[in-house]
Amino acid sequence: MITTELTSQDTIAEVVSTHLKISTFDMFKKCRRIKTINARYVFIFLSRRFTNDSLHDIADYISKKGFRTDGYDHASVIHGFQKMSGYVDTYIEYRELIRTLSFIIKQNQAKNIVVSDVDLLISAKLQTNI
């Protein structure tokens, strides 16, 4: 049986912040600068795409990482996802950005593949040879 580990929100946040050259704290803090907002929207879009986390889980993650007291909520996550979906449909730059970041995240996923049955067979064979 081959199983894959899902991408975590931490991995997605790190990929987005590195690529967009913004710290993870700045990405999630309460700020209305366009660079910060777009980074947050990209994170939300990719989190919905690569994790099974609920809207509430994503909102909680943003609140905790940005030390927000206002409590980022699920409606803000829906709004961010819809905005980024519109940007991706309309603007080539955003489409390419999401494609590039998706590729990087998929490469990270490939590194995290767990091959449990094969590992068990190899270790059993090694133990019988010893």
# chains A, B, ... in the order shown; residues from 1 in each chain; ligands from 1
>>> residues_around(residues="Gly80 in chain A", least_positions_apart="2", cutoff="10 Å", atoms="only C-alpha atoms", output="ChimeraX atom specification")
/A:37-38,40-45,74-78,82-86
